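Below you'll find the structure, written out as structure tokens, and then a few comments.
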Amino acid sequence: MQTTAIVFEQPERIGLQALAIAEPGDGDVVVRAEWSGISAGTEKLLFEGRMPAFPGMGYPLVPGYETVGRVVSAGKNAPSDIEGRLVFVPGARGYSDAAALFGASAKQLVAPADRVIPIAEDLERTGTLLSLAATAYHALTLPGMTVPDLVVGHGIVGRLIARLIIAMGHSAPTVWEINPARTDGARGYAVTTSEACEGRRFSSVIDASGDPDILDKAIAVLERGGEVTLAGFYSETMSFRFTPAFMREARFRIAAEFRPDDVHAVLALLADGRLSLDGLITHSASPAQAEAAYRTAFGDPACLKMILDWRELQ
């Protein structure tokens, strides 16, 4: 089998290539991609060559864990009703000439049937946001966690965290953002700056900015016994001054990658009308313009989310 895929040939080099993929097994499905998202976090690190050692790393590689497509064939052990369904694909495998981290940015995908998740037809391209929404949901539902009353960062993950806090029935958080290009788009919560909140204290701070220096900034505004949750992916060593953390008896949490249950929880909130993904996809491009699309996704602060429209690729 052949496919056309986004390939990071080496750091700073990206292209669209024809690749051979393994024949699907009895438990696999073949998916024809319709849209895929570009991650401005982990994929930027891969593109720049700054990604820490990770299972499946190596160049050339096929990125992508934010794909929506349609199942065109299914193995005999796959669910009987999955063929023809619109599905969310958090990763794919089986490329003969490239590593797959995470492998879903390609026209035709082979993936285990138990990894793809059927979604409603009306989600269409917004289904590409399920990875980020599930990541945000996972960060908000760590065991014993205090609901955040401060979100740092109003990029797409920060917006999803704020929307989810409200969708889950909690009070609207305060959101900090330093970039004027990203202060608009709030839905039911206030976006402000740390300077405007001078003197305020928060019981639970969640970082969605990816700032490696966030710990001291967050600790400085904690109430005694407060906690800081890191919801980003940080490639640099992080540190904090001990004395302020000691005086506040601060606690720290780190949210890892989302799980299938997180995706299903987000889908339930969407189905109930409590959560909306509207207004978060700001840019779209054909895979044929992949290099320009990735550079825009990584470098343009006005780009909340760039998606690739695989339907444009003949």
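Naming works like this for the structure tokens: A, B, ... for the chains as they're shown, residue 1 at the start of each chain, ligands 1 onward in shown order.
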Quick check for you: according to DSSP on this backbone, which residues of region 119-162 of chain A are classed as helix (DSSP H, G or I)? Reply as a JSON list (two decimals) with N, CA, C and O atoms, in the first residue's frame.
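Generated file (part_21.json):
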```
[["chain", "number", "residue", "atom", "x", "y", "z"],
["A", 121, "GLU", "N", -21.03, 13.22, 12.51],
["A", 121, "GLU", "CA", -20.76, 13.81, 11.21],
["A", 121, "GLU", "C", -20.68, 15.34, 11.28],
["A", 121, "GLU", "O", -19.93, 15.96, 10.53],
["A", 122, "ASP", "N", -21.43, 15.94, 12.18],
["A", 122, "ASP", "CA", -21.44, 17.41, 12.22],
["A", 122, "ASP", "C", -20.19, 18.00, 12.86],
["A", 122, "ASP", "O", -19.97, 19.21, 12.81],
["A", 123, "LEU", "N", -19.34, 17.16, 13.44],
["A", 123, "LEU", "CA", -18.08, 17.69, 13.96],
["A", 123, "LEU", "C", -17.13, 18.08, 12.83],
["A", 123, "LEU", "O", -16.39, 19.06, 12.93],
["A", 124, "GLU", "N", -17.14, 17.29, 11.77],
["A", 124, "GLU", "CA", -16.32, 17.56, 10.60],
["A", 124, "GLU", "C", -14.90, 17.95, 11.02],
["A", 124, "GLU", "O", -14.26, 17.29, 11.81],
["A", 125, "ARG", "N", -14.43, 19.08, 10.48],
["A", 125, "ARG", "CA", -13.03, 19.45, 10.70],
["A", 125, "ARG", "C", -12.74, 19.83, 12.15],
["A", 125, "ARG", "O", -11.57, 19.76, 12.59],
["A", 126, "THR", "N", -13.75, 20.25, 12.92],
["A", 126, "THR", "CA", -13.48, 20.59, 14.32],
["A", 126, "THR", "C", -13.10, 19.35, 15.13],
["A", 126, "THR", "O", -12.56, 19.47, 16.23],
["A", 127, "GLY", "N", -13.34, 18.17, 14.58],
["A", 127, "GLY", "CA", -12.89, 16.95, 15.25],
["A", 127, "GLY", "C", -11.39, 16.89, 15.40],
["A", 127, "GLY", "O", -10.88, 16.16, 16.27],
["A", 128, "THR", "N", -10.65, 17.65, 14.58],
["A", 128, "THR", "CA", -9.20, 17.69, 14.73],
["A", 128, "THR", "C", -8.78, 18.29, 16.07],
["A", 128, "THR", "O", -7.64, 18.11, 16.50],
["A", 129, "LEU", "N", -9.70, 19.00, 16.73],
["A", 129, "LEU", "CA", -9.38, 19.63, 18.01],
["A", 129, "LEU", "C", -9.55, 18.69, 19.20],
["A", 129, "LEU", "O", -9.29, 19.07, 20.34],
["A", 130, "LEU", "N", -9.99, 17.46, 18.93],
["A", 130, "LEU", "CA", -10.26, 16.54, 20.04],
["A", 130, "LEU", "C", -9.01, 16.20, 20.84],
["A", 130, "LEU", "O", -9.08, 16.00, 22.05],
["A", 131, "SER", "N", -7.86, 16.13, 20.17],
["A", 131, "SER", "CA", -6.63, 15.84, 20.92],
["A", 131, "SER", "C", -6.35, 16.93, 21.95],
["A", 131, "SER", "O", -6.05, 16.64, 23.11],
["A", 132, "LEU", "N", -6.46, 18.18, 21.52],
["A", 132, "LEU", "CA", -6.18, 19.28, 22.44],
["A", 132, "LEU", "C", -7.26, 19.40, 23.51],
["A", 132, "LEU", "O", -6.96, 19.66, 24.68],
["A", 133, "ALA", "N", -8.51, 19.21, 23.11],
["A", 133, "ALA", "CA", -9.59, 19.27, 24.10],
["A", 133, "ALA", "C", -9.45, 18.16, 25.13],
["A", 133, "ALA", "O", -9.67, 18.37, 26.33],
["A", 134, "ALA", "N", -9.07, 16.96, 24.67],
["A", 134, "ALA", "CA", -8.89, 15.85, 25.60],
["A", 134, "ALA", "C", -7.67, 16.08, 26.49],
["A", 134, "ALA", "O", -7.67, 15.71, 27.68],
["A", 135, "THR", "N", -6.63, 16.71, 25.95],
["A", 135, "THR", "CA", -5.46, 17.07, 26.76],
["A", 135, "THR", "C", -5.86, 18.05, 27.86],
["A", 135, "THR", "O", -5.46, 17.91, 29.02],
["A", 136, "ALA", "N", -6.66, 19.04, 27.49],
["A", 136, "ALA", "CA", -7.13, 20.02, 28.47],
["A", 136, "ALA", "C", -8.01, 19.36, 29.53],
["A", 136, "ALA", "O", -7.88, 19.63, 30.73],
["A", 137, "TYR", "N", -8.90, 18.49, 29.09],
["A", 137, "TYR", "CA", -9.79, 17.78, 30.02],
["A", 137, "TYR", "C", -8.97, 16.91, 30.98],
["A", 137, "TYR", "O", -9.23, 16.89, 32.20],
["A", 138, "HIS", "N", -7.99, 16.21, 30.44],
["A", 138, "HIS", "CA", -7.15, 15.35, 31.28],
["A", 138, "HIS", "C", -6.44, 16.18, 32.36],
["A", 138, "HIS", "O", -6.38, 15.77, 33.52],
["A", 139, "ALA", "N", -5.94, 17.35, 31.97],
["A", 139, "ALA", "CA", -5.23, 18.20, 32.93],
["A", 139, "ALA", "C", -6.14, 18.72, 34.02],
["A", 139, "ALA", "O", -5.68, 19.01, 35.13],
["A", 140, "LEU", "N", -7.42, 18.83, 33.73],
["A", 140, "LEU", "CA", -8.38, 19.36, 34.71],
["A", 140, "LEU", "C", -8.97, 18.28, 35.62],
["A", 140, "LEU", "O", -9.67, 18.62, 36.58],
["A", 156, "ILE", "N", -4.66, 28.20, 22.19],
["A", 156, "ILE", "CA", -5.78, 27.29, 22.01],
["A", 156, "ILE", "C", -5.99, 26.38, 23.22],
["A", 156, "ILE", "O", -7.14, 26.12, 23.62],
["A", 157, "VAL", "N", -4.92, 25.91, 23.85],
["A", 157, "VAL", "CA", -5.09, 25.04, 25.02],
["A", 157, "VAL", "C", -5.67, 25.83, 26.19],
["A", 157, "VAL", "O", -6.57, 25.37, 26.89],
["A", 158, "GLY", "N", -5.19, 27.06, 26.40],
["A", 158, "GLY", "CA", -5.74, 27.89, 27.47],
["A", 158, "GLY", "C", -7.22, 28.16, 27.26],
["A", 158, "GLY", "O", -8.01, 28.16, 28.20],
["A", 159, "ARG", "N", -7.61, 28.43, 26.01],
["A", 159, "ARG", "CA", -9.03, 28.67, 25.72],
["A", 159, "ARG", "C", -9.87, 27.43, 25.98],
["A", 159, "ARG", "O", -10.97, 27.51, 26.53],
["A", 160, "LEU", "N", -9.33, 26.27, 25.59],
["A", 160, "LEU", "CA", -10.07, 25.03, 25.84],
["A", 160, "LEU", "C", -10.19, 24.75, 27.33],
["A", 160, "LEU", "O", -11.24, 24.31, 27.81],
["A", 161, "ILE", "N", -9.13, 25.00, 28.09],
["A", 161, "ILE", "CA", -9.19, 24.80, 29.53],
["A", 161, "ILE", "C", -10.26, 25.69, 30.15],
["A", 161, "ILE", "O", -11.08, 25.25, 30.95],
["A", 162, "ALA", "N", -10.26, 26.97, 29.77],
["A", 162, "ALA", "CA", -11.25, 27.90, 30.32],
["A", 162, "ALA", "C", -12.67, 27.48, 29.94],
["A", 162, "ALA", "O", -13.58, 27.50, 30.77]]
```
For Ser203 (chain A), work out the shell of residues within 6 Å, counting only C-alpha atoms and skipping chain neighbours fewer than 4 positions away, then give it as a ChimeraX atom specification.
/A:222-223,226
Quick one: everything within 9 Å of Ile82 (chain A), counting only C-alpha atoms, minus sequence neighbours fewer than 3 positions away in the same chain. Send it as a CSV table (one decimal) with N, CA, C and O atoms, in the first residue's frame.
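So the final result, stored in part-v5.csv, reads:
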```csv
chain,number,residue,atom,x,y,z
A,29,VAL,N,-7.9,-0.8,10.7
A,29,VAL,CA,-8.8,-0.1,9.8
A,29,VAL,C,-7.9,0.7,8.9
A,29,VAL,O,-6.8,1.1,9.2
A,71,VAL,N,-13.3,5.8,7.5
A,71,VAL,CA,-12.9,4.4,7.4
A,71,VAL,C,-13.3,3.8,6.1
A,71,VAL,O,-14.5,3.8,5.7
A,73,SER,N,-12.0,0.7,4.8
A,73,SER,CA,-12.0,-0.7,5.0
A,73,SER,C,-11.6,-1.1,6.4
A,73,SER,O,-10.9,-0.3,7.1
A,74,ALA,N,-12.0,-2.3,6.8
A,74,ALA,CA,-11.8,-2.7,8.2
A,74,ALA,C,-11.5,-4.2,8.2
A,74,ALA,O,-12.1,-5.0,7.4
A,78,ALA,N,-12.3,-6.0,13.4
A,78,ALA,CA,-12.8,-4.6,13.7
A,78,ALA,C,-14.3,-4.6,14.0
A,78,ALA,O,-15.0,-5.5,13.5
A,79,PRO,N,-14.8,-3.6,14.7
A,79,PRO,CA,-16.3,-3.5,14.8
A,79,PRO,C,-17.0,-3.6,13.5
A,79,PRO,O,-16.6,-2.9,12.5
A,85,ARG,N,-17.6,5.1,8.6
A,85,ARG,CA,-17.8,6.1,9.7
A,85,ARG,C,-16.7,7.1,9.7
A,85,ARG,O,-15.5,6.9,9.3
A,86,LEU,N,-17.1,8.3,10.1
A,86,LEU,CA,-16.1,9.4,10.3
A,86,LEU,C,-15.5,9.2,11.7
A,86,LEU,O,-16.2,8.9,12.7
A,87,VAL,N,-14.1,9.2,11.7
A,87,VAL,CA,-13.4,8.8,12.9
A,87,VAL,C,-12.3,9.8,13.3
A,87,VAL,O,-11.8,10.5,12.4
A,113,ALA,N,-8.0,-0.7,15.0
A,113,ALA,CA,-9.4,-0.3,15.1
A,113,ALA,C,-9.8,0.2,16.5
A,113,ALA,O,-10.7,1.0,16.7
A,118,PRO,N,-15.1,6.7,16.6
A,118,PRO,CA,-16.1,7.3,15.7
A,118,PRO,C,-16.7,8.6,16.3
A,118,PRO,O,-16.8,8.7,17.5
```
For each of A:Phe47, A:Tyr95, A:Trp35, A:Phe233, take the minimum atom-to-atom distance to Val68 (chain A), counting only C-alpha atoms, then give the residue where this is smallest.
A:Trp35
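Coordinates place CA of Val205 (chain A) at a distance of 23.2 Å from CA of Val263 (chain A).
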